[in-house]
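K.L.:
If it helps, the file is called my_file.cif and holds mmCIF, C-alpha atoms:
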```cif
data_input
#
loop_
_atom_site.group_PDB
_atom_site.id
_atom_site.type_symbol
_atom_site.label_atom_id
_atom_site.label_comp_id
_atom_site.auth_asym_id
_atom_site.auth_seq_id
_atom_site.Cartn_x
_atom_site.Cartn_y
_atom_site.Cartn_z
ATOM 1 C CA MET A 598 91.339 94.399 68.891
ATOM 2 C CA ASN A 599 87.675 94.600 67.835
ATOM 3 C CA ILE A 600 86.941 96.892 70.785
ATOM 4 C CA ILE A 601 89.778 99.200 69.717
ATOM 5 C CA LEU A 602 88.491 99.251 66.122
ATOM 6 C CA GLU A 603 84.940 100.080 67.221
ATOM 7 C CA TYR A 604 86.200 102.836 69.516
ATOM 8 C CA ILE A 605 88.321 104.409 66.743
ATOM 9 C CA ASN A 606 85.457 104.301 64.240
ATOM 10 C CA GLU A 607 82.891 105.697 66.680
ATOM 11 C CA THR A 608 85.163 108.401 68.053
ATOM 12 C CA LEU A 609 86.990 109.585 64.937
ATOM 13 C CA HIS A 610 84.239 108.838 62.395
ATOM 14 C CA MET A 611 86.888 107.532 60.041
ATOM 15 C CA GLU A 612 87.234 104.211 58.268
ATOM 16 C CA ALA A 613 89.937 102.268 60.054
ATOM 17 C CA GLU A 614 91.235 98.829 59.260
ATOM 18 C CA ILE A 615 93.039 96.495 61.632
ATOM 19 C CA SER A 616 94.885 93.433 60.366
ATOM 20 C CA GLU A 617 97.467 91.010 61.697
ATOM 21 C CA TYR A 618 101.013 92.329 61.601
ATOM 22 C CA ASP A 619 102.724 90.020 59.078
ATOM 23 C CA LYS A 620 106.363 90.515 60.060
ATOM 24 C CA THR A 621 106.191 89.333 63.653
ATOM 25 C CA ASP A 622 108.719 86.554 62.982
ATOM 26 C CA GLU A 623 111.392 89.168 62.267
ATOM 27 C CA LEU A 624 111.157 90.584 65.782
ATOM 28 C CA PRO A 625 113.071 89.476 68.911
ATOM 29 C CA LEU A 626 111.424 86.708 70.928
ATOM 30 C CA PHE A 627 110.791 88.862 74.022
ATOM 31 C CA LEU A 628 108.738 91.328 71.940
ATOM 32 C CA ARG A 629 106.749 88.559 70.280
ATOM 33 C CA ALA A 630 106.119 86.919 73.646
ATOM 34 C CA GLY A 631 105.219 90.110 75.495
ATOM 35 C CA TYR A 632 102.949 91.906 73.035
ATOM 36 C CA ASP A 633 100.086 91.299 70.603
ATOM 37 C CA LEU A 634 100.878 93.253 67.448
ATOM 38 C CA SER A 635 98.435 94.424 64.760
ATOM 39 C CA SER A 636 98.551 96.815 61.821
ATOM 40 C CA LEU A 637 96.227 99.819 61.796
ATOM 41 C CA SER A 638 95.460 101.728 58.599
ATOM 42 C CA LEU A 639 93.908 105.144 59.141
ATOM 43 C CA GLN A 640 93.837 108.121 56.751
ATOM 44 C CA ASN A 641 96.161 106.238 54.400
ATOM 45 C CA VAL A 642 98.700 106.001 57.217
ATOM 46 C CA LYS A 643 99.829 102.655 58.560
ATOM 47 C CA CYS A 644 100.908 102.220 62.197
ATOM 48 C CA LEU A 645 101.488 99.424 64.679
ATOM 49 C CA LEU A 646 99.049 98.651 67.517
ATOM 50 C CA VAL A 647 100.960 97.304 70.514
ATOM 51 C CA ARG A 648 98.945 95.537 73.205
ATOM 52 C CA PRO A 649 100.852 94.227 76.286
ATOM 53 C CA LYS A 650 99.898 90.647 77.143
ATOM 54 C CA GLU A 651 100.527 91.373 80.829
ATOM 55 C CA LYS A 652 100.580 94.525 82.930
ATOM 56 C CA ALA A 653 103.781 96.500 82.408
ATOM 57 C CA ASN A 654 105.167 99.651 83.997
ATOM 58 C CA LEU A 655 105.672 102.887 82.098
ATOM 59 C CA THR A 656 109.437 102.425 81.852
ATOM 60 C CA ASP A 657 109.055 99.111 80.021
ATOM 61 C CA LEU A 658 106.232 100.389 77.814
ATOM 62 C CA ARG A 659 108.252 103.438 76.804
ATOM 63 C CA LYS A 660 111.333 101.378 76.016
ATOM 64 C CA GLN A 661 109.557 98.640 74.046
ATOM 65 C CA ALA A 662 107.399 101.074 72.039
ATOM 66 C CA ALA A 663 110.543 102.904 70.959
ATOM 67 C CA ARG A 664 112.229 99.586 70.123
ATOM 68 C CA LEU A 665 109.282 98.435 68.002
ATOM 69 C CA LYS A 666 109.170 101.748 66.137
ATOM 70 C CA LYS A 667 112.853 101.396 65.297
ATOM 71 C CA LEU A 668 112.582 97.740 64.206
ATOM 72 C CA THR A 669 109.377 98.062 62.163
ATOM 73 C CA GLY A 670 109.678 101.619 60.870
ATOM 74 C CA LEU A 671 106.069 102.200 62.010
ATOM 75 C CA GLU A 672 104.654 104.508 64.634
ATOM 76 C CA SER A 673 103.865 102.316 67.644
ATOM 77 C CA VAL A 674 100.538 102.956 69.402
ATOM 78 C CA LEU A 675 100.141 101.387 72.855
ATOM 79 C CA CYS A 676 96.725 99.779 73.394
ATOM 80 C CA LEU A 677 95.868 99.726 77.098
ATOM 81 C CA ASP A 678 92.803 98.639 79.074
ATOM 82 C CA SER A 679 93.464 101.313 81.683
ATOM 83 C CA ALA A 680 96.198 103.662 82.909
ATOM 84 C CA ARG A 681 96.785 105.860 85.940
ATOM 85 C CA ILE A 682 96.456 109.626 85.526
ATOM 86 C CA TYR A 683 100.216 109.902 86.123
ATOM 87 C CA THR A 684 100.944 107.349 83.367
ATOM 88 C CA ARG A 685 98.654 109.088 80.897
ATOM 89 C CA GLU A 686 100.132 112.500 81.637
ATOM 90 C CA LYS A 687 103.665 111.167 81.186
ATOM 91 C CA MET A 688 102.791 109.551 77.852
ATOM 92 C CA LEU A 689 101.148 112.769 76.683
ATOM 93 C CA SER A 690 104.124 114.891 77.754
ATOM 94 C CA GLU A 691 106.586 112.511 76.078
ATOM 95 C CA GLY A 692 104.565 112.142 72.873
ATOM 96 C CA ILE A 693 104.018 108.388 73.270
ATOM 97 C CA PRO A 694 100.965 107.386 71.157
ATOM 98 C CA PHE A 695 98.323 105.362 73.005
ATOM 99 C CA ILE A 696 94.700 104.258 72.950
ATOM 100 C CA ILE A 697 92.615 103.438 76.020
ATOM 101 C CA ALA A 698 89.390 101.957 74.655
ATOM 102 C CA GLY A 699 86.362 104.001 75.641
ATOM 103 C CA LYS A 700 88.438 106.743 77.240
ATOM 104 C CA GLN A 701 91.237 108.319 75.253
ATOM 105 C CA ILE A 702 93.055 108.356 71.905
ATOM 106 C CA TYR A 703 96.410 110.062 71.478
ATOM 107 C CA MET A 704 98.146 109.741 68.110
ATOM 108 C CA PRO A 705 100.243 112.891 67.687
ATOM 109 C CA PHE A 706 101.679 111.720 64.338
ATOM 110 C CA LEU A 707 98.123 112.156 62.953
ATOM 111 C CA GLY A 708 97.313 115.240 65.030
ATOM 112 C CA ILE A 709 94.726 113.312 67.067
ATOM 113 C CA ALA A 710 94.193 113.835 70.804
ATOM 114 C CA LEU A 711 90.707 113.029 72.061
ATOM 115 C CA THR A 712 89.313 112.236 75.517
ATOM 116 C CA ASN A 713 85.914 110.852 76.454
ATOM 117 C CA ASN A 714 84.577 113.538 78.798
ATOM 118 C CA ASP A 715 82.133 111.044 80.306
ATOM 119 C CA SER A 716 84.923 108.885 81.703
ATOM 120 C CA ARG A 717 85.680 109.080 85.411
ATOM 121 C CA ASP A 718 88.851 111.031 86.141
ATOM 122 C CA ILE A 719 90.786 109.205 88.861
ATOM 123 C CA PRO A 720 93.022 111.543 90.895
ATOM 124 C CA GLN A 721 96.703 110.750 91.349
ATOM 125 C CA VAL A 722 97.616 109.538 94.830
ATOM 126 C CA ASP A 723 101.035 109.012 96.372
ATOM 127 C CA ALA A 724 100.096 106.882 99.376
ATOM 128 C CA ILE A 725 97.157 104.793 100.441
ATOM 129 C CA SER A 726 94.856 106.378 103.038
ATOM 130 C CA PHE A 727 94.116 104.649 106.318
ATOM 131 C CA THR A 728 90.397 104.511 105.460
ATOM 132 C CA THR A 729 91.300 102.560 102.325
ATOM 133 C CA GLN A 730 93.679 100.385 104.356
ATOM 134 C CA LYS A 731 90.852 99.574 106.776
ATOM 135 C CA LEU A 732 88.602 98.720 103.817
ATOM 136 C CA LEU A 733 91.183 96.307 102.388
ATOM 137 C CA LEU A 734 91.794 94.549 105.702
ATOM 138 C CA THR A 735 88.042 94.257 106.267
ATOM 139 C CA ALA A 736 87.703 92.736 102.786
ATOM 140 C CA LEU A 737 90.311 90.152 103.756
ATOM 141 C CA TYR A 738 88.711 89.261 107.079
ATOM 142 C CA GLN A 739 85.164 89.103 105.738
ATOM 143 C CA LYS A 740 86.163 87.307 102.527
ATOM 144 C CA TRP A 741 84.581 89.832 100.203
ATOM 145 C CA VAL A 742 83.907 88.350 96.762
ATOM 146 C CA GLU A 743 81.957 91.255 95.307
ATOM 147 C CA MET A 744 81.039 94.434 97.128
ATOM 148 C CA THR A 745 79.511 97.640 95.728
ATOM 149 C CA VAL A 746 80.207 101.126 97.069
ATOM 150 C CA THR A 747 76.844 101.154 98.855
ATOM 151 C CA GLU A 748 77.381 97.730 100.421
ATOM 152 C CA ALA A 749 80.943 98.544 101.518
ATOM 153 C CA ALA A 750 79.794 101.825 103.079
ATOM 154 C CA SER A 751 77.177 99.930 105.097
ATOM 155 C CA VAL A 752 79.702 97.335 106.299
ATOM 156 C CA LEU A 753 82.293 99.938 107.300
ATOM 157 C CA GLY A 754 79.777 102.376 108.769
ATOM 158 C CA VAL A 755 80.980 105.292 106.639
ATOM 159 C CA SER A 756 79.467 107.402 103.868
ATOM 160 C CA LYS A 757 79.277 106.264 100.248
ATOM 161 C CA MET A 758 81.478 109.256 99.386
ATOM 162 C CA SER A 759 84.216 107.887 101.663
ATOM 163 C CA VAL A 760 84.121 104.488 99.946
ATOM 164 C CA THR A 761 84.044 106.179 96.535
ATOM 165 C CA ARG A 762 87.302 107.915 97.457
ATOM 166 C CA CYS A 763 88.727 104.558 98.561
ATOM 167 C CA PHE A 764 87.817 102.995 95.212
ATOM 168 C CA ASP A 765 89.372 105.993 93.428
ATOM 169 C CA GLU A 766 92.611 105.438 95.327
ATOM 170 C CA LEU A 767 92.703 101.743 94.485
ATOM 171 C CA GLN A 768 92.080 102.468 90.809
ATOM 172 C CA ALA A 769 94.833 105.086 90.858
ATOM 173 C CA PHE A 770 97.232 102.355 91.980
ATOM 174 C CA ASP A 771 96.016 100.173 89.070
ATOM 175 C CA PHE A 772 94.677 97.395 91.301
ATOM 176 C CA ASP A 773 92.535 95.175 89.109
ATOM 177 C CA PHE A 774 90.088 94.190 91.857
ATOM 178 C CA ILE A 775 88.042 97.384 91.354
ATOM 179 C CA ILE A 776 85.775 96.631 88.414
ATOM 180 C CA SER A 777 82.918 98.425 86.652
ATOM 181 C CA LYS A 778 79.512 96.896 86.027
ATOM 182 C CA GLY A 779 77.721 99.470 83.941
ATOM 183 C CA LYS A 780 77.787 102.627 86.043
ATOM 184 C CA THR A 781 78.457 100.717 89.271
ATOM 185 C CA ARG A 782 81.925 100.021 90.615
ATOM 186 C CA CYS A 783 82.611 96.966 92.739
ATOM 187 C CA PHE A 784 85.388 95.442 94.778
ATOM 188 C CA ALA A 785 85.769 91.950 93.288
ATOM 189 C CA TRP A 786 88.124 89.173 94.360
ATOM 190 C CA THR A 787 87.719 85.408 93.862
ATOM 191 C CA ASP A 788 91.302 84.228 94.341
ATOM 192 C CA ARG A 789 93.000 83.226 97.615
ATOM 193 C CA ARG A 790 93.049 85.831 100.368
ATOM 194 C CA ARG A 791 96.789 85.359 100.886
ATOM 195 C CA ALA A 792 97.319 86.303 97.232
ATOM 196 C CA LEU A 793 95.408 89.555 97.816
ATOM 197 C CA TRP A 794 97.486 90.280 100.937
ATOM 198 C CA ASP A 795 100.708 89.804 98.968
ATOM 199 C CA ILE A 796 99.476 92.233 96.285
ATOM 200 C CA ILE A 797 98.480 95.034 98.653
ATOM 201 C CA LEU A 798 101.227 94.617 101.286
ATOM 202 C CA PRO A 799 103.776 96.948 99.586
ATOM 203 C CA TYR A 800 101.191 99.744 99.709
ATOM 204 C CA LEU A 801 100.041 99.309 103.303
ATOM 205 C CA ARG A 802 101.336 101.650 106.002
ATOM 206 C CA ASN A 803 102.237 101.472 109.669
ATOM 207 C CA PRO A 804 98.968 102.368 111.452
ATOM 208 C CA VAL A 805 100.621 103.716 114.611
ATOM 209 C CA TYR A 806 100.101 107.475 114.868
ATOM 210 C CA ARG A 807 102.263 107.922 117.958
ATOM 211 C CA GLN A 808 103.924 105.710 120.559
ATOM 212 C CA TYR A 809 104.553 106.487 124.218
ATOM 213 C CA ARG A 810 107.130 104.508 126.217
ATOM 214 C CA LEU A 811 106.101 105.207 129.794
ATOM 215 C CA GLY A 812 108.240 104.712 132.865
ATOM 216 C CA PHE A 813 105.304 104.527 135.274
ATOM 217 C CA PRO A 814 102.109 102.460 135.496
ATOM 218 C CA ILE A 815 98.966 103.951 133.995
ATOM 219 C CA GLU A 816 95.408 102.642 134.220
ATOM 220 C CA LEU A 817 94.062 101.606 130.821
ATOM 221 C CA ARG A 818 90.457 100.438 130.872
ATOM 222 C CA ASP A 819 88.963 98.514 127.942
ATOM 223 C CA CYS A 820 92.118 98.948 125.878
ATOM 224 C CA ARG A 821 93.367 96.308 123.493
ATOM 225 C CA LEU A 822 96.800 94.789 123.203
ATOM 226 C CA GLY A 823 98.830 96.290 120.385
ATOM 227 C CA GLY A 824 102.120 95.854 118.531
ATOM 228 C CA ILE A 825 104.300 92.951 119.650
ATOM 229 C CA SER A 826 101.887 92.093 122.496
ATOM 230 C CA ALA A 827 99.067 91.647 119.971
ATOM 231 C CA LEU A 828 101.281 89.422 117.823
ATOM 232 C CA CYS A 829 102.084 87.313 120.901
ATOM 233 C CA HIS A 830 98.362 87.096 121.649
ATOM 234 C CA TYR A 831 97.776 85.490 118.247
ATOM 235 C CA SER A 832 100.853 83.251 118.306
ATOM 236 C CA MET A 833 103.049 81.164 120.625
ATOM 237 C CA LEU A 834 105.549 83.978 121.195
ATOM 238 C CA ALA A 835 106.249 85.104 124.747
ATOM 239 C CA ASP A 836 105.472 88.762 125.306
ATOM 240 C CA ASP A 837 107.982 91.397 126.443
ATOM 241 C CA SER A 838 108.281 92.161 130.149
ATOM 242 C CA CYS A 839 106.158 95.263 129.539
ATOM 243 C CA ALA A 840 102.938 94.992 127.565
ATOM 244 C CA THR A 841 102.067 97.147 124.571
ATOM 245 C CA TYR A 842 98.559 98.581 124.353
ATOM 246 C CA ALA A 843 96.656 100.260 121.546
ATOM 247 C CA VAL A 844 94.323 103.223 122.045
ATOM 248 C CA SER A 845 92.377 105.582 119.805
ATOM 249 C CA LYS A 846 93.219 109.262 119.423
ATOM 250 C CA ASP A 847 90.209 110.137 121.580
ATOM 251 C CA ILE A 848 91.394 107.920 124.433
ATOM 252 C CA SER A 849 94.915 109.291 124.060
ATOM 253 C CA LYS A 850 93.548 112.793 124.446
ATOM 254 C CA ALA A 851 91.472 111.820 127.493
ATOM 255 C CA LEU A 852 94.552 110.261 129.128
ATOM 256 C CA GLU A 853 96.606 113.344 128.232
ATOM 257 C CA LEU A 854 99.374 111.083 126.937
ATOM 258 C CA SER A 855 101.005 113.956 125.073
ATOM 259 C CA LYS A 856 101.735 115.583 128.454
ATOM 260 C CA GLN A 857 103.270 112.463 129.993
ATOM 261 C CA LYS A 858 107.015 112.091 130.362
ATOM 262 C CA VAL A 859 108.451 109.294 128.203
ATOM 263 C CA ILE A 860 111.674 107.407 128.905
ATOM 264 C CA PRO A 861 114.774 107.257 126.676
ATOM 265 C CA PRO A 862 115.140 104.429 124.098
ATOM 266 C CA ASP A 863 117.937 102.770 126.092
ATOM 267 C CA GLU A 864 115.728 102.293 129.187
ATOM 268 C CA SER A 865 113.053 99.626 129.684
ATOM 269 C CA PRO A 866 109.527 101.049 129.894
ATOM 270 C CA VAL A 867 106.852 99.962 132.333
ATOM 271 C CA LYS A 868 104.173 100.183 129.652
ATOM 272 C CA VAL A 869 104.051 101.058 125.941
ATOM 273 C CA VAL A 870 100.988 102.788 124.525
ATOM 274 C CA GLN A 871 100.385 103.100 120.795
ATOM 275 C CA VAL A 872 97.873 105.574 119.404
ATOM 276 C CA MET A 873 96.221 103.998 116.357
ATOM 277 C CA ARG A 874 94.887 105.624 113.197
ATOM 278 C CA TYR A 875 91.952 103.201 112.868
ATOM 279 C CA GLY A 876 90.331 100.274 114.628
ATOM 280 C CA ILE A 877 88.857 97.020 113.325
ATOM 281 C CA ASP A 878 86.613 94.781 115.424
ATOM 282 C CA TYR A 879 88.136 91.319 115.618
ATOM 283 C CA PHE A 880 87.055 88.328 117.737
ATOM 284 C CA GLY A 881 86.460 89.776 121.173
ATOM 285 C CA ASN A 882 88.668 92.828 120.749
ATOM 286 C CA GLU A 883 91.259 91.650 123.274
ATOM 287 C CA ALA A 884 93.926 92.768 120.835
ATOM 288 C CA VAL A 885 94.066 94.824 117.644
ATOM 289 C CA ASP A 886 93.340 92.693 114.601
ATOM 290 C CA PRO A 887 96.301 90.479 113.559
ATOM 291 C CA LEU A 888 97.067 92.182 110.231
ATOM 292 C CA THR A 889 97.117 95.618 111.867
ATOM 293 C CA ALA A 890 99.365 94.179 114.599
ATOM 294 C CA ILE A 891 101.808 92.941 111.952
ATOM 295 C CA LEU A 892 101.770 96.285 110.124
ATOM 296 C CA SER A 893 102.485 98.151 113.379
ATOM 297 C CA LEU A 894 105.812 96.387 113.943
ATOM 298 C CA SER A 895 108.991 98.256 113.067
ATOM 299 C CA ASP A 896 111.567 96.809 110.656
ATOM 300 C CA ASN A 897 114.125 96.152 113.379
ATOM 301 C CA VAL A 898 111.550 94.034 115.215
ATOM 302 C CA THR A 899 110.494 91.973 112.186
ATOM 303 C CA ASP A 900 114.127 91.162 111.376
ATOM 304 C CA ASP A 901 114.109 88.698 114.299
ATOM 305 C CA PRO A 902 113.703 85.135 112.877
ATOM 306 C CA ARG A 903 111.362 84.158 115.739
ATOM 307 C CA ILE A 904 109.072 87.069 114.978
ATOM 308 C CA GLU A 905 109.244 86.361 111.243
ATOM 309 C CA ALA A 906 108.078 82.806 111.929
ATOM 310 C CA ALA A 907 105.285 84.033 114.209
ATOM 311 C CA ILE A 908 104.086 86.496 111.568
ATOM 312 C CA GLU A 909 103.993 83.749 108.947
ATOM 313 C CA LYS A 910 101.981 81.485 111.257
ATOM 314 C CA VAL A 911 99.507 84.282 112.056
ATOM 315 C CA LEU A 912 99.070 85.003 108.335
ATOM 316 C CA GLU A 913 98.401 81.326 107.673
ATOM 317 C CA ASP A 914 95.797 81.220 110.441
ATOM 318 C CA CYS A 915 93.843 84.387 109.621
ATOM 319 C CA LEU A 916 94.085 84.182 105.798
ATOM 320 C CA ASN A 917 93.452 80.467 105.517
ATOM 321 C CA ASP A 918 90.879 79.909 102.754
#
```
Could you show the structure in this file as structure tokens?
P.N.:
Amino acid sequence: MNIILEYINETLHMEAEISEYDKTDELPLFLRAGYDLSSLSLQNVKCLLVRPKEKANLTDLRKQAARLKKLTGLESVLCLDSARIYTREKMLSEGIPFIIAGKQIYMPFLGIALTNNDSRDIPQVDAISFTTQKLLLTALYQKWVEMTVTEAASVLGVSKMSVTRCFDELQAFDFDFIISKGKTRCFAWTDRRRALWDIILPYLRNPVYRQYRLGFPIELRDCRLGGISALCHYSMLADDSCATYAVSKDISKALELSKQKVIPPDESPVKVVQVMRYGIDYFGNEAVDPLTAILSLSDNVTDDPRIEAAIEKVLEDCLND
């Protein structure tokens, strides 16, 4: 709480005092276990500083802050290390007091609402971009431990502005592997790669832009296996009678795939061509990279126990630390 105290004193230019809350034993166990509680005295007003011991969503924070206010009779001020723009806006609109050290103080019961204008404003995002998805998969394959914006841009072959937007997205989703070192932001991860995959998986998207089920042979030069064929390439699964290939949007345009006649879902195709939203170089490029192959499979395909087992084996092989 020393950081909070320093921030209050420097920002408000008022004498504040923080002490241990002395009635913790009177509270339910789940509140004692989930939050660090302190008393704050400011302008002869006493309130409760509530710091979550672990990350919590807005619904839980809202509910527990209201519960603590009712049980203690004190205004409850949430003390957070960081918060998404959406979370901050919701707390402001609902009148939930909070402090984000170095960034923002909102205590409406004292008429205080201050923001550090020097802090970086992270835009709200609803879905991860495919550039950011490519960055995350590259981080997994290359075992990034710490990577600055400049270094990541060089590795990916994109502009620093593009990587900056990727970092903004990841911060907007409250991922804790984007850290600040002074004025420099870094991707930082020292845990197991499989743990990182499990964290980001719910946010990753199917990278297939469009799929063409063709009823006639078509010449595909220098194209990689995609979808289920790529998964079979990396595992012991037997491929379908017709292979699936992955092409870029440029190749799709050159082949005029959008003008080709596709066959109905109940008929077996001669060849399946998937148009991909990005490409990652991976060991010879015979097939799309294994994580992209897994992400390109539809839910009805992954429900098959054999395919589930193959996916697990591929994950073990390519994310083995």
K.L.:
If you count all atoms listed in the file, which residues fall within 12 Å of A:Ala653, apart from same-chain ones fewer than 6 positions away, as a list of chain:residue names?
P.N.:
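Everything that qualifies: A:Gly631, A:Tyr632, A:Arg659, A:Lys660, A:Gln661, A:Ala662, A:Leu675, A:Cys676, A:Leu677, A:Asp678, A:Ser679, A:Ala680, A:Thr684, A:Asp771.
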K.L.:
Which residue is closest to A:Gly699? Choose from A:Ser636, A:Glu607, A:Leu854, A:Asp819 and count only C-alpha atoms.
P.N.:
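Of the candidates, the smallest distance to A:Gly699 is held by A:Glu607.
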K.L.:
Using the chain letters and numbers from this file, what does the PyMOL selection byres ((chain A and resi 870) around 9) select? Give the answer as an MDAnalysis selection string.
P.N.:
chainID A and resid 807:811 823 840:844 849 854 868:869 871:872
K.L.:
So that I can see what lies close to A:Phe727, please list as a PyMOL selection string the residues with an atom at most 8 Å from it, counting all atoms listed in the file and leaving out residues fewer than 6 positions away in the same chain.
P.N.:
chain A and resi 802+804+874-875
K.L.:
Which residue gives the smallest distance to A:Gln640 among A:Gly692, A:Ile709, A:Glu617, A:Ile600, with only C-alpha atoms counted?
P.N.:
A:Ile709
K.L.:
Name the closest residue to A:Asp918 among the candidates A:Gln739, A:Ser826, A:Ser832, A:Thr745; distances are taken between atoms, counting all atoms listed in the file.
P.N.:
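Ranking A:Gln739, A:Ser826, A:Ser832, A:Thr745 by distance to A:Asp918, first place goes to A:Gln739.
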K.L.:
Give the centre and edge lengths of an axis-aligned box, in Å to one decimal, that holds all listed atoms of stretch 752-761 of chain A with 4 Å on each side, as AutoDock Vina command-line options.
P.N.:
```
--center_x 81.7 --center_y 103.3 --center_z 102.7 --size_x 12.9 --size_y 19.9 --size_z 20.2
```
K.L.:
Select, counting all atoms listed in the file, all protein, DNA and RNA residues no farther than 10 Å from (89.3, 90.9, 122.2) in file coordinates, and express the selection as a list in words.
P.N.:
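These residues have at least one counted atom within 10 Å: Asp819, Cys820, Arg821, Leu822, His830, Asp878, Tyr879, Phe880, Gly881, Asn882, Glu883, Ala884, Val885 and Asp886 of chain A.
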K.L.:
Would you save the residues from that selection as a tab-separated table (two decimals), in the coordinates of the input, using C-alpha atoms?
P.N.:
```tsv
chain	number	residue	atom	x	y	z
A	819	ASP	CA	88.96	98.51	127.94
A	820	CYS	CA	92.12	98.95	125.88
A	821	ARG	CA	93.37	96.31	123.49
A	822	LEU	CA	96.80	94.79	123.20
A	830	HIS	CA	98.36	87.10	121.65
A	878	ASP	CA	86.61	94.78	115.42
A	879	TYR	CA	88.14	91.32	115.62
A	880	PHE	CA	87.06	88.33	117.74
A	881	GLY	CA	86.46	89.78	121.17
A	882	ASN	CA	88.67	92.83	120.75
A	883	GLU	CA	91.26	91.65	123.27
A	884	ALA	CA	93.93	92.77	120.84
A	885	VAL	CA	94.07	94.82	117.64
A	886	ASP	CA	93.34	92.69	114.60
```
K.L.:
Interatomic distance between atom CA of A:Ser845 and atom CA of A:Phe764?
P.N.:
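Atom-to-atom, atom CA of A:Ser845 and atom CA of A:Phe764 are spaced 25.1 Å apart.
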K.L.:
Find the spatial neighbours of stretch 897-913 of chain A, counting all atoms listed in the file, within a cut-off of 10 Å - ignore same-chain residues fewer than 4 positions away - and output them as an MDAnalysis selection string.
P.N.:
chainID A and resid 791 794 825 828:829 831:834 887:888 890:892 917:918
K.L.:
Between A:Ile605, A:Cys644, A:Leu734, A:Val746, single out the one closest to A:Leu801, counting only C-alpha atoms.
P.N.:
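Selected residue with least distance to A:Leu801: A:Leu734.
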K.L.:
So which one's closest to A:Asp633, A:Leu655, A:Met758, A:Cys783, A:Leu665? Using only C-alpha atoms, please.
P.N.:
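When distances to A:Asp633 are compared using only C-alpha atoms, the smallest one comes from A:Leu665.
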K.L.:
So what do you get for atom CA of A:Lys778 versus atom CA of A:Trp741, distance-wise?
P.N.:
16.6 Å
K.L.:
Once the PyMOL selection byres ((chain A and resi 726) around 10) has been evaluated on this model, what residues remain selected, and can you format them as an mmCIF file with C-alpha atoms, keeping the file's coordinate frame?
P.N.:
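Final output, saved to expr-v7.cif:
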```cif
data_model
loop_
_atom_site.group_PDB
_atom_site.id
_atom_site.type_symbol
_atom_site.label_atom_id
_atom_site.label_comp_id
_atom_site.auth_asym_id
_atom_site.auth_seq_id
_atom_site.Cartn_x
_atom_site.Cartn_y
_atom_site.Cartn_z
ATOM 1 C CA VAL A 722 97.616 109.538 94.830
ATOM 2 C CA ASP A 723 101.035 109.012 96.372
ATOM 3 C CA ALA A 724 100.096 106.882 99.376
ATOM 4 C CA ILE A 725 97.157 104.793 100.441
ATOM 5 C CA PHE A 727 94.116 104.649 106.318
ATOM 6 C CA THR A 728 90.397 104.511 105.460
ATOM 7 C CA THR A 729 91.300 102.560 102.325
ATOM 8 C CA GLN A 730 93.679 100.385 104.356
ATOM 9 C CA LYS A 731 90.852 99.574 106.776
ATOM 10 C CA LEU A 732 88.602 98.720 103.817
ATOM 11 C CA ARG A 762 87.302 107.915 97.457
ATOM 12 C CA CYS A 763 88.727 104.558 98.561
ATOM 13 C CA GLU A 766 92.611 105.438 95.327
ATOM 14 C CA LEU A 767 92.703 101.743 94.485
ATOM 15 C CA TYR A 800 101.191 99.744 99.709
ATOM 16 C CA LEU A 801 100.041 99.309 103.303
ATOM 17 C CA ARG A 802 101.336 101.650 106.002
#
```
K.L.:
Can you tell me which residues surround stretch 786-789 of chain A at a distance of at most 10 Å, considering all atoms listed in the file, apart from same-chain residues fewer than 2 positions away, and format the answer as a list of chain:residue names?
P.N.:
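That gives A:Ala736, A:Leu737, A:Lys740, A:Trp741, A:Val742, A:Glu743, A:Met744, A:Asp773, A:Phe774, A:Ile775, A:Ile776, A:Cys783, A:Phe784, A:Arg791, A:Ala792, A:Leu793, A:Trp794, A:Leu916, A:Asn917, A:Asp918.
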K.L.:
From the options A:Thr608, A:Asn654, A:Ser895, A:Asn641, which residue's atoms come nearest to A:Tyr703, counting only C-alpha atoms?
P.N.:
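That would be A:Thr608, the residue with the smallest distance to A:Tyr703.
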K.L.:
So which residues touch A:Ile601 within 12 Å, counting only C-alpha atoms, skipping near sequence neighbours fewer than 3 positions away, as a CSV table (one decimal) with C-alpha atoms, in the coordinates of the input?
P.N.:
```csv
chain,number,residue,atom,x,y,z
A,598,MET,CA,91.3,94.4,68.9
A,604,TYR,CA,86.2,102.8,69.5
A,605,ILE,CA,88.3,104.4,66.7
A,606,ASN,CA,85.5,104.3,64.2
A,607,GLU,CA,82.9,105.7,66.7
A,608,THR,CA,85.2,108.4,68.1
A,609,LEU,CA,87.0,109.6,64.9
A,613,ALA,CA,89.9,102.3,60.1
A,614,GLU,CA,91.2,98.8,59.3
A,615,ILE,CA,93.0,96.5,61.6
A,635,SER,CA,98.4,94.4,64.8
A,637,LEU,CA,96.2,99.8,61.8
A,646,LEU,CA,99.0,98.7,67.5
A,647,VAL,CA,101.0,97.3,70.5
A,648,ARG,CA,98.9,95.5,73.2
A,674,VAL,CA,100.5,103.0,69.4
A,675,LEU,CA,100.1,101.4,72.9
A,676,CYS,CA,96.7,99.8,73.4
A,677,LEU,CA,95.9,99.7,77.1
A,678,ASP,CA,92.8,98.6,79.1
A,695,PHE,CA,98.3,105.4,73.0
A,696,ILE,CA,94.7,104.3,73.0
A,697,ILE,CA,92.6,103.4,76.0
A,698,ALA,CA,89.4,102.0,74.7
A,699,GLY,CA,86.4,104.0,75.6
A,700,LYS,CA,88.4,106.7,77.2
A,701,GLN,CA,91.2,108.3,75.3
A,702,ILE,CA,93.1,108.4,71.9
```
